[in-house]
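Below is structure.tsv, holding TSV, N, CA and C atoms.
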```tsv
chain	number	residue	atom	x	y	z
A	1	MET	N	-50.22	76.80	42.80
A	1	MET	CA	-49.75	76.59	41.44
A	1	MET	C	-48.25	76.87	41.32
A	2	GLU	N	-47.76	77.75	42.17
A	2	GLU	CA	-46.34	78.08	42.10
A	2	GLU	C	-45.47	76.85	42.36
A	3	LEU	N	-45.90	76.03	43.31
A	3	LEU	CA	-45.15	74.81	43.62
A	3	LEU	C	-45.13	73.86	42.41
A	4	ILE	N	-46.26	73.70	41.76
A	4	ILE	CA	-46.34	72.84	40.58
A	4	ILE	C	-45.45	73.39	39.47
A	5	ASP	N	-45.46	74.71	39.29
A	5	ASP	CA	-44.60	75.33	38.28
A	5	ASP	C	-43.12	75.08	38.59
A	6	GLN	N	-42.76	75.17	39.87
A	6	GLN	CA	-41.37	74.92	40.27
A	6	GLN	C	-40.98	73.46	40.00
A	7	ILE	N	-41.87	72.56	40.33
A	7	ILE	CA	-41.59	71.13	40.10
A	7	ILE	C	-41.45	70.85	38.62
A	8	GLN	N	-42.35	71.41	37.82
A	8	GLN	CA	-42.29	71.19	36.37
A	8	GLN	C	-41.02	71.80	35.78
A	9	ALA	N	-40.62	72.95	36.26
A	9	ALA	CA	-39.40	73.58	35.76
A	9	ALA	C	-38.18	72.73	36.11
A	10	LYS	N	-38.17	72.18	37.31
A	10	LYS	CA	-37.04	71.37	37.76
A	10	LYS	C	-36.96	70.05	37.00
A	11	ASN	N	-38.09	69.47	36.65
A	11	ASN	CA	-38.15	68.17	35.99
A	11	ASN	C	-38.37	68.28	34.49
A	12	LYS	N	-38.05	69.41	33.92
A	12	LYS	CA	-38.28	69.64	32.50
A	12	LYS	C	-37.51	68.62	31.66
A	13	LEU	N	-38.21	67.98	30.74
A	13	LEU	CA	-37.60	67.04	29.79
A	13	LEU	C	-37.41	67.77	28.47
A	14	ASP	N	-36.17	67.96	28.08
A	14	ASP	CA	-35.95	68.64	26.81
A	14	ASP	C	-35.78	67.62	25.68
A	15	LYS	N	-35.92	68.11	24.49
A	15	LYS	CA	-35.88	67.26	23.30
A	15	LYS	C	-34.55	66.51	23.20
A	16	GLU	N	-33.46	67.15	23.54
A	16	GLU	CA	-32.14	66.53	23.45
A	16	GLU	C	-32.03	65.32	24.38
A	17	LEU	N	-32.53	65.45	25.60
A	17	LEU	CA	-32.50	64.34	26.56
A	17	LEU	C	-33.35	63.17	26.05
A	18	ILE	N	-34.52	63.48	25.53
A	18	ILE	CA	-35.41	62.44	25.02
A	18	ILE	C	-34.78	61.75	23.81
A	19	GLU	N	-34.19	62.53	22.90
A	19	GLU	CA	-33.55	61.93	21.72
A	19	GLU	C	-32.37	61.06	22.11
A	20	ASP	N	-31.59	61.49	23.10
A	20	ASP	CA	-30.46	60.70	23.57
A	20	ASP	C	-30.94	59.38	24.18
A	21	THR	N	-31.98	59.46	24.99
A	21	THR	CA	-32.55	58.26	25.61
A	21	THR	C	-33.10	57.31	24.55
A	22	MET	N	-33.79	57.85	23.56
A	22	MET	CA	-34.33	57.01	22.48
A	22	MET	C	-33.19	56.37	21.68
A	23	GLY	N	-32.10	57.09	21.51
A	23	GLY	CA	-30.94	56.53	20.81
A	23	GLY	C	-30.36	55.36	21.58
A	24	GLN	N	-30.27	55.51	22.90
A	24	GLN	CA	-29.79	54.40	23.72
A	24	GLN	C	-30.74	53.21	23.66
A	25	MET	N	-32.03	53.49	23.67
A	25	MET	CA	-33.02	52.43	23.60
A	25	MET	C	-32.91	51.70	22.26
A	26	PHE	N	-32.72	52.44	21.19
A	26	PHE	CA	-32.56	51.83	19.88
A	26	PHE	C	-31.38	50.86	19.88
A	27	THR	N	-30.26	51.30	20.45
A	27	THR	CA	-29.08	50.44	20.52
A	27	THR	C	-29.36	49.18	21.32
A	28	VAL	N	-30.04	49.33	22.43
A	28	VAL	CA	-30.35	48.17	23.27
A	28	VAL	C	-31.31	47.22	22.55
A	29	LEU	N	-32.32	47.76	21.89
A	29	LEU	CA	-33.34	46.92	21.27
A	29	LEU	C	-32.87	46.24	19.99
A	30	PHE	N	-32.07	46.91	19.20
A	30	PHE	CA	-31.79	46.40	17.86
A	30	PHE	C	-30.35	45.96	17.63
A	31	ASN	N	-29.48	46.13	18.60
A	31	ASN	CA	-28.10	45.67	18.47
A	31	ASN	C	-27.95	44.42	19.33
A	32	VAL	N	-27.90	43.27	18.67
A	32	VAL	CA	-27.80	42.01	19.41
A	32	VAL	C	-26.47	41.35	19.03
A	33	PRO	N	-25.44	41.51	19.87
A	33	PRO	CA	-24.15	40.88	19.56
A	33	PRO	C	-24.23	39.36	19.62
A	34	ASN	N	-23.32	38.71	18.91
A	34	ASN	CA	-23.31	37.25	18.84
A	34	ASN	C	-23.05	36.59	20.18
A	35	ASN	N	-22.26	37.21	21.01
A	35	ASN	CA	-21.84	36.59	22.26
A	35	ASN	C	-22.67	37.01	23.46
A	36	ILE	N	-23.90	37.41	23.24
A	36	ILE	CA	-24.76	37.90	24.33
A	36	ILE	C	-25.27	36.70	25.16
A	37	SER	N	-25.39	36.91	26.45
A	37	SER	CA	-25.84	35.84	27.34
A	37	SER	C	-27.36	35.66	27.23
A	38	THR	N	-27.82	34.49	27.66
A	38	THR	CA	-29.26	34.24	27.63
A	38	THR	C	-30.01	35.18	28.57
A	39	THR	N	-29.39	35.56	29.67
A	39	THR	CA	-30.02	36.50	30.61
A	39	THR	C	-30.24	37.85	29.94
A	40	ARG	N	-29.21	38.33	29.25
A	40	ARG	CA	-29.34	39.63	28.58
A	40	ARG	C	-30.33	39.55	27.42
A	41	LEU	N	-30.36	38.41	26.73
A	41	LEU	CA	-31.36	38.22	25.67
A	41	LEU	C	-32.76	38.30	26.27
A	42	SER	N	-32.94	37.71	27.43
A	42	SER	CA	-34.24	37.74	28.09
A	42	SER	C	-34.63	39.17	28.45
A	43	PHE	N	-33.67	39.96	28.95
A	43	PHE	CA	-33.94	41.37	29.25
A	43	PHE	C	-34.31	42.13	27.98
A	44	LYS	N	-33.59	41.88	26.89
A	44	LYS	CA	-33.89	42.54	25.63
A	44	LYS	C	-35.30	42.20	25.17
A	45	TYR	N	-35.66	40.92	25.29
A	45	TYR	CA	-36.99	40.48	24.90
A	45	TYR	C	-38.05	41.23	25.71
A	46	ASP	N	-37.85	41.32	27.01
A	46	ASP	CA	-38.80	42.03	27.87
A	46	ASP	C	-38.90	43.50	27.49
A	47	LEU	N	-37.77	44.13	27.20
A	47	LEU	CA	-37.78	45.55	26.80
A	47	LEU	C	-38.55	45.75	25.50
A	48	VAL	N	-38.34	44.86	24.54
A	48	VAL	CA	-39.05	44.97	23.27
A	48	VAL	C	-40.55	44.83	23.52
A	49	GLN	N	-40.93	43.85	24.34
A	49	GLN	CA	-42.36	43.66	24.64
A	49	GLN	C	-42.95	44.89	25.34
A	50	ASP	N	-42.20	45.46	26.26
A	50	ASP	CA	-42.67	46.67	26.95
A	50	ASP	C	-42.82	47.83	25.97
A	51	TYR	N	-41.88	47.97	25.07
A	51	TYR	CA	-41.93	49.05	24.09
A	51	TYR	C	-43.12	48.87	23.15
A	52	ILE	N	-43.38	47.62	22.77
A	52	ILE	CA	-44.56	47.34	21.94
A	52	ILE	C	-45.82	47.80	22.68
A	53	GLY	N	-45.89	47.51	23.97
A	53	GLY	CA	-47.04	47.94	24.78
A	53	GLY	C	-47.20	49.44	24.81
A	54	ILE	N	-46.09	50.16	24.92
A	54	ILE	CA	-46.13	51.63	24.94
A	54	ILE	C	-46.68	52.17	23.62
A	55	VAL	N	-46.16	51.64	22.52
A	55	VAL	CA	-46.61	52.12	21.21
A	55	VAL	C	-48.08	51.77	20.97
A	56	GLN	N	-48.49	50.57	21.41
A	56	GLN	CA	-49.90	50.19	21.28
A	56	GLN	C	-50.80	51.13	22.09
A	57	LYS	N	-50.35	51.52	23.27
A	57	LYS	CA	-51.13	52.46	24.09
A	57	LYS	C	-51.22	53.82	23.41
A	58	MET	N	-50.14	54.24	22.76
A	58	MET	CA	-50.18	55.51	22.02
A	58	MET	C	-51.26	55.45	20.95
A	59	LEU	N	-51.33	54.30	20.26
A	59	LEU	CA	-52.32	54.15	19.20
A	59	LEU	C	-53.74	54.14	19.75
A	60	SER	N	-53.95	53.38	20.80
A	60	SER	CA	-55.32	53.20	21.30
A	60	SER	C	-55.82	54.38	22.14
A	61	SER	N	-54.92	55.25	22.56
A	61	SER	CA	-55.32	56.36	23.44
A	61	SER	C	-55.93	57.53	22.69
A	62	GLY	N	-55.73	57.58	21.40
A	62	GLY	CA	-56.25	58.70	20.63
A	62	GLY	C	-55.30	59.87	20.53
A	63	PHE	N	-54.09	59.74	21.09
A	63	PHE	CA	-53.11	60.83	20.99
A	63	PHE	C	-52.62	61.00	19.55
A	64	VAL	N	-52.60	59.93	18.80
A	64	VAL	CA	-52.15	59.98	17.41
A	64	VAL	C	-53.41	60.05	16.55
A	65	ARG	N	-53.56	61.13	15.83
A	65	ARG	CA	-54.79	61.34	15.06
A	65	ARG	C	-54.60	61.10	13.56
A	66	SER	N	-53.43	61.37	13.07
A	66	SER	CA	-53.18	61.24	11.63
A	66	SER	C	-53.12	59.77	11.23
A	67	ASN	N	-53.85	59.43	10.18
A	67	ASN	CA	-53.82	58.05	9.68
A	67	ASN	C	-52.42	57.65	9.23
A	68	GLU	N	-51.70	58.60	8.66
A	68	GLU	CA	-50.33	58.32	8.22
A	68	GLU	C	-49.44	57.96	9.41
A	69	LYS	N	-49.56	58.70	10.49
A	69	LYS	CA	-48.77	58.41	11.70
A	69	LYS	C	-49.20	57.08	12.32
A	70	LYS	N	-50.49	56.79	12.30
A	70	LYS	CA	-50.98	55.51	12.82
A	70	LYS	C	-50.39	54.35	12.03
A	71	ILE	N	-50.35	54.50	10.71
A	71	ILE	CA	-49.77	53.45	9.87
A	71	ILE	C	-48.29	53.29	10.17
A	72	GLN	N	-47.59	54.39	10.38
A	72	GLN	CA	-46.17	54.32	10.73
A	72	GLN	C	-45.98	53.57	12.05
A	73	LEU	N	-46.83	53.84	13.02
A	73	LEU	CA	-46.71	53.17	14.31
A	73	LEU	C	-47.05	51.68	14.20
A	74	ILE	N	-48.05	51.36	13.39
A	74	ILE	CA	-48.39	49.94	13.18
A	74	ILE	C	-47.22	49.22	12.51
A	75	ASP	N	-46.60	49.86	11.54
A	75	ASP	CA	-45.43	49.28	10.89
A	75	ASP	C	-44.29	49.11	11.90
A	76	PHE	N	-44.13	50.09	12.76
A	76	PHE	CA	-43.09	50.01	13.79
A	76	PHE	C	-43.35	48.85	14.75
A	77	ILE	N	-44.61	48.68	15.15
A	77	ILE	CA	-44.97	47.55	16.01
A	77	ILE	C	-44.64	46.24	15.31
A	78	ASP	N	-44.92	46.17	14.03
A	78	ASP	CA	-44.61	44.96	13.26
A	78	ASP	C	-43.10	44.69	13.28
A	79	ARG	N	-42.31	45.73	13.12
A	79	ARG	CA	-40.85	45.57	13.16
A	79	ARG	C	-40.37	45.15	14.55
A	80	LEU	N	-40.99	45.72	15.58
A	80	LEU	CA	-40.65	45.32	16.94
A	80	LEU	C	-41.01	43.85	17.18
A	81	ASN	N	-42.16	43.43	16.66
A	81	ASN	CA	-42.54	42.02	16.79
A	81	ASN	C	-41.54	41.11	16.09
A	82	THR	N	-41.05	41.54	14.93
A	82	THR	CA	-40.03	40.76	14.22
A	82	THR	C	-38.76	40.68	15.06
A	83	GLN	N	-38.36	41.80	15.65
A	83	GLN	CA	-37.17	41.82	16.50
A	83	GLN	C	-37.36	40.89	17.69
A	84	SER	N	-38.56	40.87	18.23
A	84	SER	CA	-38.88	39.98	19.34
A	84	SER	C	-38.72	38.52	18.93
A	85	GLU	N	-39.18	38.20	17.72
A	85	GLU	CA	-39.05	36.83	17.22
A	85	GLU	C	-37.58	36.46	17.01
A	86	VAL	N	-36.79	37.41	16.53
A	86	VAL	CA	-35.36	37.16	16.35
A	86	VAL	C	-34.71	36.85	17.71
A	87	ILE	N	-35.07	37.63	18.71
A	87	ILE	CA	-34.51	37.40	20.04
A	87	ILE	C	-34.94	36.03	20.58
A	88	GLU	N	-36.21	35.67	20.36
A	88	GLU	CA	-36.67	34.34	20.79
A	88	GLU	C	-35.87	33.24	20.09
A	89	PHE	N	-35.62	33.40	18.80
A	89	PHE	CA	-34.83	32.42	18.06
A	89	PHE	C	-33.42	32.32	18.63
A	90	LEU	N	-32.80	33.47	18.89
A	90	LEU	CA	-31.46	33.47	19.46
A	90	LEU	C	-31.44	32.81	20.84
A	91	GLN	N	-32.50	33.04	21.62
A	91	GLN	CA	-32.58	32.40	22.93
A	91	GLN	C	-32.64	30.88	22.79
A	92	SER	N	-33.42	30.40	21.84
A	92	SER	CA	-33.54	28.95	21.66
A	92	SER	C	-32.23	28.36	21.15
A	93	GLU	N	-31.56	29.07	20.26
A	93	GLU	CA	-30.26	28.59	19.75
A	93	GLU	C	-29.23	28.56	20.87
A	94	LYS	N	-29.24	29.59	21.71
A	94	LYS	CA	-28.30	29.66	22.83
A	94	LYS	C	-28.59	28.53	23.82
A	95	SER	N	-29.87	28.27	24.06
A	95	SER	CA	-30.25	27.19	24.96
A	95	SER	C	-29.78	25.84	24.43
A	96	LYS	N	-29.93	25.63	23.12
A	96	LYS	CA	-29.46	24.38	22.51
A	96	LYS	C	-27.96	24.23	22.70
A	97	ALA	N	-27.23	25.32	22.46
A	97	ALA	CA	-25.77	25.29	22.61
A	97	ALA	C	-25.39	25.00	24.06
A	98	ASP	N	-26.09	25.63	25.00
A	98	ASP	CA	-25.82	25.40	26.42
A	98	ASP	C	-26.10	23.95	26.80
A	99	LEU	N	-27.18	23.38	26.26
A	99	LEU	CA	-27.51	21.99	26.54
A	99	LEU	C	-26.44	21.05	25.99
A	100	LYS	N	-25.95	21.35	24.80
A	100	LYS	CA	-24.90	20.51	24.21
A	100	LYS	C	-23.63	20.56	25.05
A	101	LYS	N	-23.27	21.75	25.52
A	101	LYS	CA	-22.08	21.89	26.37
A	101	LYS	C	-22.25	21.10	27.67
A	102	ALA	N	-23.43	21.21	28.26
A	102	ALA	CA	-23.69	20.50	29.52
A	102	ALA	C	-23.66	18.99	29.29
A	103	ALA	N	-24.23	18.54	28.18
A	103	ALA	CA	-24.22	17.11	27.88
A	103	ALA	C	-22.80	16.61	27.67
A	104	LYS	N	-21.98	17.39	26.99
A	104	LYS	CA	-20.58	16.99	26.77
A	104	LYS	C	-19.84	16.90	28.10
A	105	ARG	N	-20.03	17.89	28.97
A	105	ARG	CA	-19.38	17.86	30.29
A	105	ARG	C	-19.81	16.63	31.09
A	106	LEU	N	-21.11	16.35	31.06
A	106	LEU	CA	-21.59	15.17	31.78
A	106	LEU	C	-21.02	13.89	31.17
A	107	GLY	N	-20.95	13.85	29.85
A	107	GLY	CA	-20.36	12.69	29.18
A	107	GLY	C	-18.90	12.52	29.53
A	108	ASP	N	-18.18	13.63	29.56
A	108	ASP	CA	-16.75	13.57	29.93
A	108	ASP	C	-16.59	13.10	31.37
A	109	LYS	N	-17.45	13.59	32.27
A	109	LYS	CA	-17.38	13.17	33.68
A	109	LYS	C	-17.70	11.69	33.82
A	110	ALA	N	-18.70	11.24	33.07
A	110	ALA	CA	-19.07	9.82	33.14
A	110	ALA	C	-17.93	8.95	32.64
A	111	GLN	N	-17.28	9.36	31.55
A	111	GLN	CA	-16.16	8.60	31.00
A	111	GLN	C	-14.98	8.57	31.99
A	112	SER	N	-14.73	9.70	32.63
A	112	SER	CA	-13.58	9.75	33.56
A	112	SER	C	-13.86	8.94	34.82
A	113	SER	N	-15.11	8.83	35.22
A	113	SER	CA	-15.41	8.03	36.42
A	113	SER	C	-15.35	6.54	36.13
A	114	PHE	N	-15.54	6.13	34.86
A	114	PHE	CA	-15.45	4.73	34.50
A	114	PHE	C	-14.07	4.38	33.98
A	115	GLY	N	-13.31	5.37	33.61
A	115	GLY	CA	-12.01	5.14	32.97
A	115	GLY	C	-10.88	5.12	33.90
```

Rendering of file as structure tokens:
Amino acid sequence: MELIDQIQAKNKLDKELIEDTMGQMFTVLFNVPNNISTTRLSFKYDLVQDYIGIVQKMLSSGFVRSNEKKIQLIDFIDRLNTQSEVIEFLQSEKSKADLKKAAKRLGDKAQSSFG
């Protein structure tokens, strides 16, 4: 048991570290700049989906017993789903813009080869 106690003491997660990490996660999940790349949007989408899975597991595991807390988590999942939809919309808009740029470049190349 002494070895386990030593390992637990060495790997202790304090509230400050967890709050800092959650703050960073909040920034990553909910701050979507206008000039973000489609790759980064895809990563954000995946992170939101993973976080939804974590919160759903918290609900289904029985760790949360209070109905009030369960309702808060369900509301949070709903907000995460909305954020996920926003990211999907931004991805589709970015894809449309990328397609238009590619079409213009191809059109310009075609015109220059005939001109």

Practice item. Might you pull out every residue within 10 Å of Ile77 (chain A), with only C-alpha atoms counted and same-chain residues fewer than 2 positions away left off, and present them as a PyMOL selection string? Key: chain A and resi 48-49+51-56+71-75+79-83

**Study point:** All alpha helix (DSSP H) residues (DSSP, backbone) inside region 24-77 of chain A, as a PyMOL selection string
**Key:** chain A and resi 24-30+38-61+67-77

Could those selected residues go to a file with N, CA and C atoms, as a tab-separated table (two decimals), keeping the file's coordinate frame?
```tsv
chain	number	residue	atom	x	y	z
A	24	GLN	N	-30.27	55.51	22.90
A	24	GLN	CA	-29.79	54.40	23.72
A	24	GLN	C	-30.74	53.21	23.66
A	25	MET	N	-32.03	53.49	23.67
A	25	MET	CA	-33.02	52.43	23.60
A	25	MET	C	-32.91	51.70	22.26
A	26	PHE	N	-32.72	52.44	21.19
A	26	PHE	CA	-32.56	51.83	19.88
A	26	PHE	C	-31.38	50.86	19.88
A	27	THR	N	-30.26	51.30	20.45
A	27	THR	CA	-29.08	50.44	20.52
A	27	THR	C	-29.36	49.18	21.32
A	28	VAL	N	-30.04	49.33	22.43
A	28	VAL	CA	-30.35	48.17	23.27
A	28	VAL	C	-31.31	47.22	22.55
A	29	LEU	N	-32.32	47.76	21.89
A	29	LEU	CA	-33.34	46.92	21.27
A	29	LEU	C	-32.87	46.24	19.99
A	30	PHE	N	-32.07	46.91	19.20
A	30	PHE	CA	-31.79	46.40	17.86
A	30	PHE	C	-30.35	45.96	17.63
A	38	THR	N	-27.82	34.49	27.66
A	38	THR	CA	-29.26	34.24	27.63
A	38	THR	C	-30.01	35.18	28.57
A	39	THR	N	-29.39	35.56	29.67
A	39	THR	CA	-30.02	36.50	30.61
A	39	THR	C	-30.24	37.85	29.94
A	40	ARG	N	-29.21	38.33	29.25
A	40	ARG	CA	-29.34	39.63	28.58
A	40	ARG	C	-30.33	39.55	27.42
A	41	LEU	N	-30.36	38.41	26.73
A	41	LEU	CA	-31.36	38.22	25.67
A	41	LEU	C	-32.76	38.30	26.27
A	42	SER	N	-32.94	37.71	27.43
A	42	SER	CA	-34.24	37.74	28.09
A	42	SER	C	-34.63	39.17	28.45
A	43	PHE	N	-33.67	39.96	28.95
A	43	PHE	CA	-33.94	41.37	29.25
A	43	PHE	C	-34.31	42.13	27.98
A	44	LYS	N	-33.59	41.88	26.89
A	44	LYS	CA	-33.89	42.54	25.63
A	44	LYS	C	-35.30	42.20	25.17
A	45	TYR	N	-35.66	40.92	25.29
A	45	TYR	CA	-36.99	40.48	24.90
A	45	TYR	C	-38.05	41.23	25.71
A	46	ASP	N	-37.85	41.32	27.01
A	46	ASP	CA	-38.80	42.03	27.87
A	46	ASP	C	-38.90	43.50	27.49
A	47	LEU	N	-37.77	44.13	27.20
A	47	LEU	CA	-37.78	45.55	26.80
A	47	LEU	C	-38.55	45.75	25.50
A	48	VAL	N	-38.34	44.86	24.54
A	48	VAL	CA	-39.05	44.97	23.27
A	48	VAL	C	-40.55	44.83	23.52
A	49	GLN	N	-40.93	43.85	24.34
A	49	GLN	CA	-42.36	43.66	24.64
A	49	GLN	C	-42.95	44.89	25.34
A	50	ASP	N	-42.20	45.46	26.26
A	50	ASP	CA	-42.67	46.67	26.95
A	50	ASP	C	-42.82	47.83	25.97
A	51	TYR	N	-41.88	47.97	25.07
A	51	TYR	CA	-41.93	49.05	24.09
A	51	TYR	C	-43.12	48.87	23.15
A	52	ILE	N	-43.38	47.62	22.77
A	52	ILE	CA	-44.56	47.34	21.94
A	52	ILE	C	-45.82	47.80	22.68
A	53	GLY	N	-45.89	47.51	23.97
A	53	GLY	CA	-47.04	47.94	24.78
A	53	GLY	C	-47.20	49.44	24.81
A	54	ILE	N	-46.09	50.16	24.92
A	54	ILE	CA	-46.13	51.63	24.94
A	54	ILE	C	-46.68	52.17	23.62
A	55	VAL	N	-46.16	51.64	22.52
A	55	VAL	CA	-46.61	52.12	21.21
A	55	VAL	C	-48.08	51.77	20.97
A	56	GLN	N	-48.49	50.57	21.41
A	56	GLN	CA	-49.90	50.19	21.28
A	56	GLN	C	-50.80	51.13	22.09
A	57	LYS	N	-50.35	51.52	23.27
A	57	LYS	CA	-51.13	52.46	24.09
A	57	LYS	C	-51.22	53.82	23.41
A	58	MET	N	-50.14	54.24	22.76
A	58	MET	CA	-50.18	55.51	22.02
A	58	MET	C	-51.26	55.45	20.95
A	59	LEU	N	-51.33	54.30	20.26
A	59	LEU	CA	-52.32	54.15	19.20
A	59	LEU	C	-53.74	54.14	19.75
A	60	SER	N	-53.95	53.38	20.80
A	60	SER	CA	-55.32	53.20	21.30
A	60	SER	C	-55.82	54.38	22.14
A	61	SER	N	-54.92	55.25	22.56
A	61	SER	CA	-55.32	56.36	23.44
A	61	SER	C	-55.93	57.53	22.69
A	67	ASN	N	-53.85	59.43	10.18
A	67	ASN	CA	-53.82	58.05	9.68
A	67	ASN	C	-52.42	57.65	9.23
A	68	GLU	N	-51.70	58.60	8.66
A	68	GLU	CA	-50.33	58.32	8.22
A	68	GLU	C	-49.44	57.96	9.41
A	69	LYS	N	-49.56	58.70	10.49
A	69	LYS	CA	-48.77	58.41	11.70
A	69	LYS	C	-49.20	57.08	12.32
A	70	LYS	N	-50.49	56.79	12.30
A	70	LYS	CA	-50.98	55.51	12.82
A	70	LYS	C	-50.39	54.35	12.03
A	71	ILE	N	-50.35	54.50	10.71
A	71	ILE	CA	-49.77	53.45	9.87
A	71	ILE	C	-48.29	53.29	10.17
A	72	GLN	N	-47.59	54.39	10.38
A	72	GLN	CA	-46.17	54.32	10.73
A	72	GLN	C	-45.98	53.57	12.05
A	73	LEU	N	-46.83	53.84	13.02
A	73	LEU	CA	-46.71	53.17	14.31
A	73	LEU	C	-47.05	51.68	14.20
A	74	ILE	N	-48.05	51.36	13.39
A	74	ILE	CA	-48.39	49.94	13.18
A	74	ILE	C	-47.22	49.22	12.51
A	75	ASP	N	-46.60	49.86	11.54
A	75	ASP	CA	-45.43	49.28	10.89
A	75	ASP	C	-44.29	49.11	11.90
A	76	PHE	N	-44.13	50.09	12.76
A	76	PHE	CA	-43.09	50.01	13.79
A	76	PHE	C	-43.35	48.85	14.75
A	77	ILE	N	-44.61	48.68	15.15
A	77	ILE	CA	-44.97	47.55	16.01
A	77	ILE	C	-44.64	46.24	15.31
```

Point to revise | Spatial neighbours of Thr38 (chain A), 8 Å, all atoms listed in the file, chain gap at least 6 places, as JSON, numbers by chain | key: {"A": [44, 90, 91, 94, 95]}

Exercise for review: Tell me, in Å to one decimal, how far atom N of Ser42 (chain A) is from atom N of Phe30 (chain A).
Suggested key: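 Those two atoms sit 12.4 Å apart.
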
Review point. Which value, in Å to one decimal, gives the distance between CA of Leu41 (chain A) and CA of Glu88 (chain A)?
Key: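 These two atoms are separated by 8.2 Å.
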
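The interatomic distance for the pair atom C of Ile36 (chain A) and CA of Leu17 (chain A) works out to 28.6 Å.
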